[in-house]
>>> print(open('structure-v6.cif').read())   # mmCIF, C-alpha atoms
data_my_file
#
loop_
_atom_site.label_atom_id
_atom_site.label_comp_id
_atom_site.auth_asym_id
_atom_site.auth_seq_id
_atom_site.Cartn_x
_atom_site.Cartn_y
_atom_site.Cartn_z
CA MET H 11 -33.01 39.82 57.00
CA THR H 12 -34.28 36.94 59.15
CA GLY H 13 -35.75 35.37 56.03
CA LEU H 14 -32.30 35.44 54.38
CA GLU H 15 -30.77 33.74 57.43
CA VAL H 16 -33.48 31.05 57.57
CA THR H 17 -33.04 30.36 53.85
CA ARG H 18 -29.28 30.16 54.24
CA HIS H 19 -29.54 27.61 57.06
CA ILE H 20 -32.02 25.47 55.12
CA LEU H 21 -29.94 25.49 51.93
CA ALA H 22 -26.49 25.26 53.52
CA PRO H 23 -26.47 21.48 54.29
CA GLY H 24 -27.51 20.61 50.73
CA VAL H 25 -24.97 22.98 49.20
CA TRP H 26 -22.25 21.54 51.47
CA LEU H 27 -23.20 17.96 50.52
CA LYS H 28 -23.13 18.83 46.80
CA ASP H 29 -19.68 20.42 47.23
CA GLN H 30 -18.35 17.38 49.09
CA LEU H 31 -19.67 14.96 46.46
CA SER H 32 -18.38 17.00 43.53
CA SER H 33 -14.95 17.51 45.14
CA PHE H 34 -14.77 13.77 46.00
CA TRP H 35 -15.55 12.98 42.37
CA SER H 36 -13.07 15.46 40.90
CA ASP H 37 -10.28 14.85 43.48
CA TYR H 38 -10.37 11.07 43.79
CA ILE H 39 -12.25 9.53 40.85
CA ALA H 40 -12.17 11.66 37.72
CA LEU H 41 -8.37 11.92 37.47
CA THR H 42 -7.89 11.33 33.75
CA GLY H 43 -5.59 13.88 32.17
CA VAL H 44 -4.15 15.03 35.50
CA ALA H 45 -0.52 14.25 34.52
CA SER H 46 -0.66 16.24 31.30
CA GLU H 47 -2.48 19.06 33.10
CA ASN H 48 0.30 19.05 35.71
CA VAL H 49 2.96 19.52 33.03
CA ARG H 50 0.97 22.34 31.43
CA LEU H 51 0.45 24.04 34.81
CA ARG H 52 4.16 23.80 35.68
CA GLU H 53 5.00 25.54 32.39
CA GLU H 54 2.40 28.19 33.13
CA ILE H 55 3.79 28.75 36.65
CA GLY H 56 7.26 29.34 35.16
CA ARG H 57 5.88 31.84 32.66
CA LEU H 58 3.81 33.64 35.34
CA ARG H 59 6.86 33.83 37.66
CA GLN H 60 8.82 35.58 34.92
CA GLU H 61 5.90 37.93 34.28
CA SER H 62 5.49 38.63 37.99
CA ASP H 63 9.21 39.51 38.37
CA LEU H 64 8.92 42.04 35.56
CA LEU H 65 5.70 43.47 36.98
CA ARG H 66 7.23 43.75 40.48
CA GLU H 67 9.90 46.00 38.99
CA ASP H 68 7.22 48.08 37.27
CA ILE H 69 5.33 48.43 40.57
CA LYS H 70 8.47 49.61 42.37
CA GLU H 71 9.09 52.14 39.60
CA LEU H 72 5.48 53.32 39.78
CA GLU H 73 5.75 53.76 43.56
CA ARG H 74 8.93 55.83 43.13
CA LEU H 75 7.34 57.99 40.42
CA ARG H 76 4.20 58.49 42.53
CA ALA H 77 6.34 59.53 45.47
CA LEU H 78 8.25 61.99 43.24
CA ALA H 79 5.06 63.50 41.83
CA GLY H 80 3.31 63.46 45.21
CA ILE H 81 0.37 61.36 43.95
CA PRO H 82 -1.19 59.19 46.67
CA GLY H 83 -1.45 55.48 45.83
CA THR H 84 -4.66 53.49 45.86
CA MET H 85 -5.63 51.84 49.14
CA PRO H 86 -6.07 48.06 48.96
CA TRP H 87 -9.58 46.65 49.33
CA GLU H 88 -9.97 43.63 51.58
CA GLN H 89 -11.36 40.44 50.06
CA SER H 90 -13.81 37.93 51.45
CA GLY H 91 -14.85 34.78 49.59
CA ALA H 92 -18.48 33.71 49.36
CA ARG H 93 -20.48 30.93 47.77
CA VAL H 94 -23.67 31.47 45.78
CA ILE H 95 -26.38 29.44 47.52
CA ALA H 96 -29.41 30.48 45.47
CA GLY H 97 -30.29 32.48 42.39
CA LYS H 98 -33.39 34.61 41.99
CA PHE H 99 -35.33 33.40 45.01
CA GLY H 100 -39.03 33.62 45.81
CA PRO H 101 -41.96 35.66 44.58
CA GLN H 102 -40.57 39.03 45.73
CA ALA H 103 -37.36 38.72 43.70
CA ALA H 104 -38.02 41.56 41.28
CA LEU H 105 -34.37 42.26 40.55
CA ASN H 106 -31.75 39.98 39.00
CA SER H 107 -29.99 38.85 42.12
CA VAL H 108 -28.30 35.92 43.85
CA ILE H 109 -27.99 34.98 47.51
CA VAL H 110 -24.48 34.41 48.90
CA ASN H 111 -23.45 32.77 52.17
CA THR H 112 -21.50 35.73 53.58
CA GLY H 113 -23.29 38.53 55.39
CA PHE H 114 -22.39 41.75 57.15
CA LEU H 115 -20.37 39.82 59.73
CA GLY H 116 -18.10 38.83 56.84
CA GLY H 117 -17.95 42.34 55.41
CA ALA H 118 -20.87 42.29 52.97
CA THR H 119 -22.18 45.79 53.51
CA PRO H 120 -24.79 47.24 51.10
CA GLY H 121 -23.05 48.64 48.04
CA ALA H 122 -19.89 46.52 48.42
CA PRO H 123 -18.70 45.34 44.98
CA VAL H 124 -18.83 41.63 44.21
CA VAL H 125 -16.33 40.17 41.75
CA THR H 126 -14.96 36.91 40.41
CA ARG H 127 -11.45 36.29 39.11
CA GLU H 128 -12.65 37.55 35.71
CA GLY H 129 -14.23 40.81 36.83
CA LEU H 130 -17.22 42.62 38.30
CA VAL H 131 -20.38 40.63 38.98
CA GLY H 132 -22.56 42.98 40.99
CA LYS H 133 -23.07 44.82 44.29
CA VAL H 134 -24.43 43.79 47.68
CA LEU H 135 -28.06 44.86 47.87
CA HIS H 136 -28.86 44.01 51.47
CA ALA H 137 -27.21 41.79 54.03
CA ALA H 138 -28.15 39.62 56.99
CA PRO H 139 -25.49 38.49 59.53
CA ASN H 140 -24.40 35.46 57.48
CA SER H 141 -25.97 35.91 54.06
CA ALA H 142 -26.53 38.65 51.55
CA ASN H 143 -28.50 39.46 48.43
CA VAL H 144 -26.29 40.51 45.50
CA LEU H 145 -27.68 42.65 42.68
CA LEU H 146 -26.22 41.42 39.39
CA LEU H 147 -24.54 43.58 36.77
CA ASN H 148 -27.20 42.85 34.14
CA ASP H 149 -30.13 44.09 36.23
CA PRO H 150 -31.79 47.17 34.69
CA SER H 151 -31.30 49.12 37.94
CA PHE H 152 -27.55 48.45 38.12
CA ARG H 153 -25.17 51.34 37.39
CA VAL H 154 -21.40 51.65 37.75
CA ALA H 155 -18.96 54.31 36.55
CA VAL H 156 -16.54 52.85 33.99
CA LEU H 157 -13.55 53.85 31.95
CA GLY H 158 -12.29 52.53 28.61
CA GLN H 159 -9.03 50.68 29.35
CA ASP H 160 -7.30 52.03 26.23
CA SER H 161 -9.27 55.14 25.27
CA ARG H 162 -9.70 56.34 28.92
CA VAL H 163 -13.20 57.53 27.94
CA ARG H 164 -15.64 57.70 30.85
CA GLY H 165 -19.19 56.36 30.88
CA ILE H 166 -21.81 54.70 33.03
CA LEU H 167 -22.35 50.99 32.57
CA ALA H 168 -26.01 50.00 32.90
CA GLY H 169 -27.76 46.63 32.85
CA THR H 170 -30.80 46.06 30.64
CA GLY H 171 -32.08 42.68 31.82
CA ALA H 172 -31.11 39.03 32.23
CA GLY H 173 -29.57 37.61 29.05
CA LEU H 174 -29.46 41.04 27.40
CA PRO H 175 -26.36 43.12 26.60
CA LEU H 176 -25.27 46.04 28.75
CA GLU H 177 -25.36 49.71 27.76
CA VAL H 178 -22.72 52.36 28.24
CA LEU H 179 -24.46 55.66 28.92
CA TYR H 180 -23.38 59.29 28.76
CA VAL H 181 -20.19 58.76 26.77
CA ALA H 182 -19.00 62.09 25.39
CA PRO H 183 -19.97 62.43 21.70
CA ASN H 184 -16.51 63.53 20.58
CA SER H 185 -14.73 60.63 22.29
CA TYR H 186 -13.46 57.49 20.63
CA MET H 187 -14.28 54.10 22.09
CA ARG H 188 -13.56 51.09 19.94
CA GLU H 189 -15.23 47.69 19.66
CA GLY H 190 -13.58 45.01 21.77
CA GLU H 191 -12.25 47.52 24.31
CA ILE H 192 -12.34 46.43 27.95
CA LEU H 193 -14.31 48.67 30.30
CA ILE H 194 -12.90 48.89 33.80
CA CYS H 195 -14.43 50.41 36.93
CA SER H 196 -13.28 54.02 37.12
CA GLY H 197 -13.63 54.19 40.90
CA ILE H 198 -14.99 57.72 40.51
CA ASP H 199 -18.27 56.85 42.23
CA GLY H 200 -16.41 55.02 45.01
CA SER H 201 -18.53 51.91 44.47
CA ALA H 202 -15.71 49.70 43.18
CA PRO H 203 -11.91 49.86 43.10
CA LYS H 204 -10.42 51.41 39.99
CA GLY H 205 -9.30 48.86 37.42
CA VAL H 206 -11.74 45.99 38.00
CA PRO H 207 -12.80 44.72 34.54
CA ALA H 208 -16.56 45.07 34.12
CA ALA H 209 -17.48 44.61 30.44
CA ARG H 210 -16.24 44.44 26.87
CA VAL H 211 -17.54 46.81 24.17
CA VAL H 212 -19.48 44.92 21.49
CA SER H 213 -20.65 47.74 19.25
CA VAL H 214 -20.38 51.52 19.00
CA HIS H 215 -22.95 53.42 16.98
CA TYR H 216 -22.82 57.17 16.43
CA ASP H 217 -26.17 58.66 15.46
CA GLN H 218 -26.74 62.25 14.43
CA ASP H 219 -30.19 62.24 16.07
CA THR H 220 -28.92 61.47 19.56
CA LEU H 221 -26.52 63.37 21.77
CA PHE H 222 -24.63 60.32 23.02
CA PRO H 223 -23.25 57.37 21.04
CA GLN H 224 -25.10 54.09 21.50
CA ILE H 225 -22.57 51.69 23.00
CA ILE H 226 -23.42 48.07 23.68
CA ALA H 227 -21.22 45.92 25.89
CA GLU H 228 -21.16 42.38 27.25
CA PRO H 229 -20.28 41.43 30.82
CA ILE H 230 -16.91 39.77 31.29
CA ALA H 231 -17.55 37.80 34.46
CA LEU H 232 -21.29 37.14 34.19
CA LYS H 233 -21.38 34.91 31.13
CA SER H 234 -22.45 31.70 32.86
CA ALA H 235 -23.91 30.75 36.23
CA ILE H 236 -21.60 31.92 38.99
CA GLU H 237 -20.80 29.64 41.92
CA GLU H 238 -18.17 31.46 43.97
CA VAL H 239 -17.63 35.20 44.33
CA ILE H 240 -15.30 37.57 46.14
CA LEU H 241 -16.70 40.44 48.18
CA LEU H 242 -14.52 43.54 48.14
CA ILE H 243 -14.54 45.42 51.43
CA PRO H 244 -13.71 49.12 51.07
CA PRO H 245 -10.69 50.44 52.95
CA LYS H 246 -11.44 52.36 56.17
CA GLY H 247 -12.05 56.07 55.87
CA THR H 248 -12.81 56.10 52.15
CA LYS H 249 -15.86 57.40 50.34
CA ALA H 250 -16.83 53.83 49.47
CA GLU H 251 -16.98 52.83 53.12
CA ASN H 252 -19.89 55.20 53.67
CA LEU H 253 -21.62 54.27 50.44
CA ASN H 254 -25.31 53.77 51.02
CA PHE H 255 -26.35 51.80 47.98
CA ASN H 256 -30.02 52.09 47.01
CA PRO H 257 -31.35 50.64 43.75
CA TYR H 258 -34.67 52.43 44.06
CA PRO H 259 -34.42 55.82 42.32
CA GLU H 260 -37.32 57.54 44.08
CA ALA H 261 -35.70 56.93 47.44
CA LEU H 262 -32.87 59.34 46.60
CA PRO H 263 -33.13 62.85 48.06
CA ALA H 264 -34.14 65.38 45.40
CA ASP H 265 -30.85 67.32 45.60
CA GLU H 266 -28.83 64.17 44.84
CA SER H 267 -30.70 63.21 41.68
CA ILE H 268 -29.03 64.30 38.45
CA THR H 269 -30.53 65.09 35.10
CA ASP H 270 -29.28 63.74 31.78
CA GLU H 271 -27.81 67.15 30.93
CA GLU H 272 -25.89 67.29 34.22
CA ALA H 273 -24.60 63.77 33.68
CA ALA H 274 -23.50 64.65 30.15
CA ARG H 275 -21.68 67.73 31.41
CA THR H 276 -19.92 65.74 34.12
CA MET H 277 -18.86 62.98 31.75
CA SER H 278 -17.55 65.33 29.09
CA ASN H 279 -15.40 67.23 31.61
CA MET Z 17 -45.42 16.97 67.51
CA ARG Z 18 -45.90 15.07 64.24
CA ASN Z 19 -47.71 18.11 62.86
CA LEU Z 20 -44.72 20.35 63.71
CA VAL Z 21 -42.30 17.90 62.05
CA TRP Z 22 -44.52 17.82 58.96
CA TRP Z 23 -44.44 21.62 58.70
CA ILE Z 24 -40.66 21.74 59.15
CA VAL Z 25 -40.24 19.16 56.37
CA TYR Z 26 -42.69 21.10 54.20
CA ILE Z 27 -40.76 24.36 54.70
CA VAL Z 28 -37.41 22.72 53.86
CA VAL Z 29 -38.84 21.18 50.67
CA ALA Z 30 -40.54 24.49 49.76
CA VAL Z 31 -37.30 26.47 50.19
CA TRP Z 32 -35.42 23.99 47.98
CA LEU Z 33 -38.18 24.19 45.37
CA GLN Z 34 -37.87 27.99 45.41
CA LYS Z 35 -34.13 27.61 44.88
CA PHE Z 36 -34.63 25.54 41.74
CA ILE Z 37 -37.69 27.34 40.33
CA PRO Z 38 -37.00 31.10 40.23
CA GLY Z 39 -39.92 33.28 41.28
CA LEU Z 40 -42.09 30.43 42.61
CA ASP Z 41 -43.87 30.85 45.93
CA ALA Z 42 -43.84 27.25 47.16
CA LEU Z 43 -45.23 28.30 50.55
CA VAL Z 44 -48.63 29.37 49.16
CA PRO Z 45 -49.97 25.77 48.84
CA GLY Z 46 -49.12 25.29 52.53
CA LEU Z 47 -51.08 28.42 53.37
CA ILE Z 48 -54.06 27.06 51.38
CA VAL Z 49 -53.81 23.83 53.40
CA CYS Z 50 -53.84 25.91 56.61
CA LEU Z 51 -56.90 27.87 55.48
CA GLN Z 52 -58.74 24.69 54.52
CA GLU Z 53 -58.01 23.13 57.90
CA LYS Z 54 -59.42 26.27 59.60
CA ASN Z 55 -56.89 26.25 62.42
CA ARG Z 56 -56.27 29.88 63.31
CA GLN Z 57 -53.10 29.38 65.35
CA GLN Z 58 -51.47 27.19 62.70
CA THR Z 59 -52.51 29.63 59.94
CA PHE Z 60 -51.20 32.66 61.85
CA LEU Z 61 -47.81 31.09 62.62
CA PHE Z 62 -47.33 29.80 59.09
CA LEU Z 63 -48.40 33.13 57.60
CA LEU Z 64 -45.93 34.96 59.84
CA PHE Z 65 -43.16 32.62 58.70
CA CYS Z 66 -44.10 33.11 55.02
CA VAL Z 67 -44.00 36.92 55.33
CA VAL Z 68 -40.65 36.91 57.18
CA LEU Z 69 -39.01 34.51 54.70
CA GLN Z 70 -40.26 36.11 51.50
CA GLU Z 71 -39.62 39.67 52.71
CA GLY Z 72 -36.10 38.77 53.80
CA THR Z 73 -35.09 37.06 50.59
CA GLY Z 74 -36.97 39.35 48.21
CA THR Z 75 -35.67 42.46 46.50
CA LEU Z 76 -38.86 44.52 46.72
CA PRO Z 77 -39.05 46.91 49.68
CA PHE Z 78 -41.06 45.92 52.75
CA GLY Z 79 -44.78 45.42 52.28
CA ALA Z 80 -45.03 43.45 49.04
CA SER Z 81 -45.37 40.11 50.86
CA ILE Z 82 -48.11 41.45 53.12
CA ILE Z 83 -50.10 42.59 50.08
CA TRP Z 84 -49.41 39.27 48.35
CA TYR Z 85 -50.56 37.08 51.23
CA GLY Z 86 -53.49 39.44 51.85
CA PHE Z 87 -54.49 38.79 48.25
CA VAL Z 88 -54.23 35.01 48.86
CA PHE Z 89 -56.61 35.33 51.84
CA THR Z 90 -59.04 37.51 49.87
CA CYS Z 91 -59.11 35.12 46.90
CA PHE Z 92 -59.54 32.09 49.16
CA TYR Z 93 -62.50 33.50 51.11
CA ALA Z 94 -64.09 35.18 48.06
CA GLY Z 95 -63.77 31.93 46.09
CA GLY Z 96 -65.17 30.00 49.06
CA TRP Z 97 -68.55 31.76 48.61
CA PHE Z 98 -68.94 30.22 45.16
CA PHE Z 99 -67.05 26.92 45.32
CA MET Z 100 -66.25 24.14 47.77
CA ALA Z 101 -62.94 25.27 49.30
CA GLY Z 102 -61.52 21.72 49.51
CA ASN Z 103 -62.19 20.97 45.86
CA GLN Z 104 -59.32 20.36 43.40
CA GLY Z 105 -61.01 22.54 40.77
CA PHE Z 106 -61.26 25.34 43.30
CA VAL Z 107 -57.52 25.13 44.04
CA PHE Z 108 -56.73 25.19 40.33
CA LEU Z 109 -58.93 28.27 39.78
CA LEU Z 110 -57.42 29.84 42.89
CA SER Z 111 -53.89 29.26 41.56
CA VAL Z 112 -54.86 30.92 38.24
CA ALA Z 113 -56.26 33.91 40.14
CA LEU Z 114 -53.16 34.04 42.35
CA ALA Z 115 -50.84 33.95 39.35
CA ALA Z 116 -52.76 36.80 37.70
CA GLY Z 117 -52.73 38.76 40.95
CA ARG Z 118 -49.06 38.10 41.38
CA GLY Z 119 -48.33 39.49 37.93
CA LEU Z 120 -50.39 42.61 38.69
CA LEU Z 121 -48.72 43.06 42.08
CA PHE Z 122 -45.32 42.71 40.47
CA ILE Z 123 -46.16 45.29 37.79
CA GLY Z 124 -47.69 47.64 40.38
CA MET Z 125 -44.78 47.46 42.79
CA SER Z 126 -42.26 47.86 39.97
CA GLU Z 127 -44.14 50.94 38.71
CA LEU Z 128 -44.28 52.45 42.21
CA GLN Z 129 -40.55 52.01 42.67
CA GLN Z 130 -39.73 53.01 39.08
CA LEU Z 131 -38.09 49.66 38.48
CA PRO Z 132 -37.88 48.55 34.84
CA LEU Z 133 -40.26 45.61 34.33
CA ASP Z 134 -39.00 42.53 32.55
CA THR Z 135 -42.13 40.81 31.15
CA GLN Z 136 -40.03 37.92 29.82
CA VAL Z 137 -39.37 37.05 33.46
CA VAL Z 138 -42.77 37.81 35.01
CA VAL Z 139 -44.94 35.73 32.63
CA PRO Z 140 -43.03 32.40 33.03
CA GLN Z 141 -43.00 32.93 36.82
CA CYS Z 142 -46.80 33.38 36.85
CA LEU Z 143 -47.23 30.27 34.70
CA ALA Z 144 -44.97 28.29 37.05
CA GLN Z 145 -47.18 29.43 39.94
CA VAL Z 146 -50.31 28.16 38.12
CA PHE Z 147 -48.64 24.83 37.39
CA PHE Z 148 -46.98 24.10 40.72
CA THR Z 149 -49.56 25.39 43.25
CA PRO Z 150 -52.15 22.61 42.64
CA ILE Z 151 -49.44 19.91 42.47
CA ILE Z 152 -47.80 20.92 45.76
CA TRP Z 153 -51.25 21.33 47.35
CA LEU Z 154 -52.32 17.84 46.18
CA LEU Z 155 -49.12 16.20 47.49
CA SER Z 156 -49.31 18.11 50.78
CA GLY Z 157 -52.97 17.19 51.32
CA ALA Z 158 -52.30 13.53 50.47
CA SER Z 159 -49.39 13.29 52.90
CA ARG Z 160 -51.38 14.99 55.67
CA ARG Z 161 -54.24 12.55 55.14
CA LYS Z 162 -51.83 9.62 55.14
CA TYR Z 163 -50.27 10.63 58.45
CA LYS Z 164 -53.68 11.78 59.85
CA LEU Z 165 -52.41 15.28 60.53
CA GLN Z 166 -55.45 17.29 59.51
CA VAL Z 167 -56.26 19.53 62.44
CA SER Z 168 -59.97 20.12 61.75
#
>>> encode(input="structure-v6.cif", output="structure tokens")
Amino acid sequence: MTGLEVTRHILAPGVWLKDQLSSFWSDYIALTGVASENVRLREEIGRLRQESDLLREDIKELERLRALAGIPGTMPWEQSGARVIAGKFGPQAALNSVIVNTGFLGGATPGAPVVTREGLVGKVLHAAPNSANVLLLNDPSFRVAVLGQDSRVRGILAGTGAGLPLEVLYVAPNSYMREGEILICSGIDGSAPKGVPAARVVSVHYDQDTLFPQIIAEPIALKSAIEEVILLIPPKGTKAENLNFNPYPEALPADESITDEEAARTMSN
Amino acid sequence: MRNLVWWIVYIVVAVWLQKFIPGLDALVPGLIVCLQEKNRQQTFLFLLFCVVLQEGTGTLPFGASIIWYGFVFTCFYAGGWFFMAGNQGFVFLLSVALAAGRGLLFIGMSELQQLPLDTQVVVPQCLAQVFFTPIIWLLSGASRRKYKLQVS
């Protein structure tokens, strides 16, 4: 943890200077096309206002229906912004990870989901007071429970390595998931709020020789180098708050490990 | 005092190098410099810093850095029986041995923790270690000679 803090304090002045220079350039010098962009943004604001009014009505209706049916609503997760200060760092960086400048004092507890505006990026692996190591979605040890946005089919999204596509594991063989479908976090494992976009299905291949279909997906938010992220802090008293994330499989107690058959049974239910 | 400032500057540069070159241990050349200067206090303090920094930023569980820097010590002293420890050729051979050892350590630790190994990542990192260790060592040695900072 101390090493993370030392690294953060060494890198922070340079990162700050780079930010200042790039914002000075973009805010005061490179202003070509600003007027036309302004017009376009004003039009977009008008359209989004209309959309937001309609959605607000839908939310009110949903709240009324939930109250009628007695279904509890989802609790909001707090957000905390963070800046990526380094990528895979040092000789002991075995996992695909990045270092961010927010630590456990800012809410980055191990297991907390990390997102961008586009979708899920990863999870906090370990945290120092003011910095944290974030395990990225494409790391082979990363797992998150997902749900097809349209088909509502459950599966487990797994990374396979940097620059490689993701896999969707344990999808029920009789289910239908189509190419191009967005996979959202199901929230069933408590590791991320339900509805956060995680990946898009690229191909679905049903094979008679295997029990589960082979589904390949691509990350939505992790396409290029990330610079800023949002840490999602679980609401108090939820399962996610007590989540003790551990990427090392052998460290799990024997009674908590599940076999492929058990996973298949759970997913098909 | 000048020696302390030199080491602080070295550490800052090394951390920035590690930021831009994924997987590189830019502190190892500094450790080689320490071992060549045969100053036990300086070597101990720098080694302690290296272990704390790499363990804190790494994603392998505790202990990998201790094995890694133990391997650096072993290679340095074992190589010192056959070659002149201050020689450029020796440092190049040492960096090749370190890169190979690093790859093996990485594979071993990944196996022990059942982590999937990505060889497309490990091999370029080992090659970067072979390439950069002698360069950083040469530049460090030259600057220490220039400012007359060699302790022994």
>>> closest_atom_pairs(input="structure-v6.cif", of="chain Z", to="chain H", cutoff="10 Å", atoms="only C-alpha atoms", output="tab-separated table")
residue	atom	partner	partner_atom	distance
Z:Ile27	CA	H:Ile20	CA	8.8
Z:Val28	CA	H:Ile20	CA	6.2
Z:Val29	CA	H:Ile20	CA	9.2
Z:Val31	CA	H:Thr17	CA	6.8
Z:Trp32	CA	H:Leu21	CA	6.9
Z:Leu33	CA	H:Gly100	CA	9.5
Z:Gln34	CA	H:Gly100	CA	5.8
Z:Lys35	CA	H:Ala96	CA	5.6
Z:Phe36	CA	H:Ala96	CA	8.1
Z:Ile37	CA	H:Phe99	CA	8.0
Z:Pro38	CA	H:Lys98	CA	5.3
Z:Gly39	CA	H:Pro101	CA	4.6
Z:Leu40	CA	H:Gly100	CA	5.5
Z:Asp41	CA	H:Pro101	CA	5.3
Z:Ala42	CA	H:Gly100	CA	8.1
Z:Leu43	CA	H:Gly100	CA	9.4
Z:Phe65	CA	H:Gly13	CA	8.3
Z:Cys66	CA	H:Gly13	CA	8.7
Z:Val67	CA	H:Gly13	CA	8.4
Z:Val68	CA	H:Gly13	CA	5.3
Z:Leu69	CA	H:Gly13	CA	3.6
Z:Gln70	CA	H:Gly100	CA	6.3
Z:Glu71	CA	H:Gly13	CA	6.7
Z:Gly72	CA	H:Gly13	CA	4.1
Z:Thr73	CA	H:Leu14	CA	5.0
Z:Gly74	CA	H:Gln102	CA	4.4
Z:Thr75	CA	H:Ala103	CA	5.0
Z:Leu76	CA	H:Gln102	CA	5.8
Z:Pro77	CA	H:Gln102	CA	8.9
Z:Phe78	CA	H:Gln102	CA	9.8
Z:Ala80	CA	H:Gln102	CA	7.1
Z:Ser81	CA	H:Gln102	CA	7.1
Z:Trp84	CA	H:Pro101	CA	9.1
Z:Arg118	CA	H:Pro101	CA	8.2
Z:Gly119	CA	H:Pro101	CA	10.0
Z:Leu121	CA	H:Gln102	CA	9.8
Z:Phe122	CA	H:Ala104	CA	7.4
Z:Ile123	CA	H:Ala104	CA	9.6
Z:Met125	CA	H:Ala104	CA	9.1
Z:Ser126	CA	H:Ala104	CA	7.7
Z:Leu128	CA	H:Glu260	CA	8.8
Z:Gln129	CA	H:Tyr258	CA	6.1
Z:Gln130	CA	H:Pro259	CA	6.8
Z:Leu131	CA	H:Ser151	CA	6.8
Z:Pro132	CA	H:Pro150	CA	6.2
Z:Leu133	CA	H:Ala104	CA	8.4
Z:Asp134	CA	H:Gly171	CA	7.0
Z:Gln136	CA	H:Ala172	CA	9.3
Z:Val137	CA	H:Ala172	CA	8.6
Z:Val138	CA	H:Ala104	CA	8.7
Z:Gln141	CA	H:Pro101	CA	8.3
Z:Cys142	CA	H:Pro101	CA	9.4
Z:Gln145	CA	H:Pro101	CA	9.4
>>> resolve_selection(input="structure-v6.cif", expression="the PyMOL selection byres ((chain H and resi 241) around 6)", output="JSON, numbers by chain")
{"H": [89, 90, 124, 240, 242]}
>>> resolve_selection(input="structure-v6.cif", expression="the PyMOL selection byres ((chain H and resi 222) around 7)", output="JSON, numbers by chain")
{"H": [180, 181, 182, 183, 220, 221, 223, 224]}
>>> atom_distance(input="structure-v6.cif", atom1="CA of Leu51 in chain Z", atom2="CA of Ile151 in chain Z")
17.0 Å
>>> residues_around(input="structure-v6.cif", residues="Asn148 in chain H", least_positions_apart="6", cutoff="12 Å", atoms="only C-alpha atoms", output="PyMOL selection string")
(chain H and resi 105-108+130-133+154+167-177+208-209+227-233) or (chain Z and resi 134)
>>> resolve_selection(input="structure-v6.cif", expression="the PyMOL selection byres ((chain Z and resi 50) around 10)", output="PyMOL selection string")
chain Z and resi 44-49+51-63+166-168
>>> residues_around(input="structure-v6.cif", residues="Glu238 in chain H", least_positions_apart="5", cutoff="9 Å", atoms="all atoms listed in the file", output="PDB file with C-alpha atoms, in the coordinates of the input")
ATOM      1  CA  GLY H  91     -14.850  34.780  49.590  1.00  0.00           C
ATOM      2  CA  ALA H  92     -18.480  33.710  49.360  1.00  0.00           C
ATOM      3  CA  ARG H  93     -20.480  30.930  47.770  1.00  0.00           C
ATOM      4  CA  VAL H  94     -23.670  31.470  45.780  1.00  0.00           C
ATOM      5  CA  VAL H 110     -24.480  34.410  48.900  1.00  0.00           C
ATOM      6  CA  THR H 126     -14.960  36.910  40.410  1.00  0.00           C
TER       7      THR H 126
END
>>> atom_distance(input="structure-v6.cif", atom1="CA of Ala101 in chain Z", atom2="CA of Gly117 in chain Z")
18.9 Å
>>> atom_distance(input="structure-v6.cif", atom1="CA of Arg164 in chain H", atom2="CA of Val239 in chain H")
26.3 Å
>>> closest_residue(input="structure-v6.cif", among="Z:Ala116, Z:Thr135, Z:Ser111, Z:Gln104", to="Leu155 in chain Z", atoms="only C-alpha atoms")
Z:Gln104
>>> residues_around(input="structure-v6.cif", residues="Leu110 in chain Z", least_positions_apart="5", cutoff="12 Å", atoms="all atoms listed in the file", output="mmCIF file with C-alpha atoms, in the coordinates of the input")
data_model
loop_
_atom_site.group_PDB
_atom_site.id
_atom_site.type_symbol
_atom_site.label_atom_id
_atom_site.label_comp_id
_atom_site.auth_asym_id
_atom_site.auth_seq_id
_atom_site.Cartn_x
_atom_site.Cartn_y
_atom_site.Cartn_z
ATOM 1 C CA VAL Z 44 -48.630 29.370 49.160
ATOM 2 C CA PRO Z 45 -49.970 25.770 48.840
ATOM 3 C CA ILE Z 48 -54.060 27.060 51.380
ATOM 4 C CA PHE Z 87 -54.490 38.790 48.250
ATOM 5 C CA VAL Z 88 -54.230 35.010 48.860
ATOM 6 C CA PHE Z 89 -56.610 35.330 51.840
ATOM 7 C CA THR Z 90 -59.040 37.510 49.870
ATOM 8 C CA CYS Z 91 -59.110 35.120 46.900
ATOM 9 C CA PHE Z 92 -59.540 32.090 49.160
ATOM 10 C CA TYR Z 93 -62.500 33.500 51.110
ATOM 11 C CA ALA Z 94 -64.090 35.180 48.060
ATOM 12 C CA GLY Z 95 -63.770 31.930 46.090
ATOM 13 C CA GLY Z 96 -65.170 30.000 49.060
ATOM 14 C CA PHE Z 98 -68.940 30.220 45.160
ATOM 15 C CA PHE Z 99 -67.050 26.920 45.320
ATOM 16 C CA MET Z 100 -66.250 24.140 47.770
ATOM 17 C CA ALA Z 101 -62.940 25.270 49.300
ATOM 18 C CA GLY Z 102 -61.520 21.720 49.510
ATOM 19 C CA ASN Z 103 -62.190 20.970 45.860
ATOM 20 C CA GLN Z 104 -59.320 20.360 43.400
ATOM 21 C CA GLY Z 105 -61.010 22.540 40.770
ATOM 22 C CA ALA Z 115 -50.840 33.950 39.350
ATOM 23 C CA ALA Z 116 -52.760 36.800 37.700
ATOM 24 C CA GLY Z 117 -52.730 38.760 40.950
ATOM 25 C CA ARG Z 118 -49.060 38.100 41.380
ATOM 26 C CA GLN Z 145 -47.180 29.430 39.940
ATOM 27 C CA VAL Z 146 -50.310 28.160 38.120
ATOM 28 C CA PHE Z 147 -48.640 24.830 37.390
ATOM 29 C CA THR Z 149 -49.560 25.390 43.250
ATOM 30 C CA PRO Z 150 -52.150 22.610 42.640
ATOM 31 C CA TRP Z 153 -51.250 21.330 47.350
#
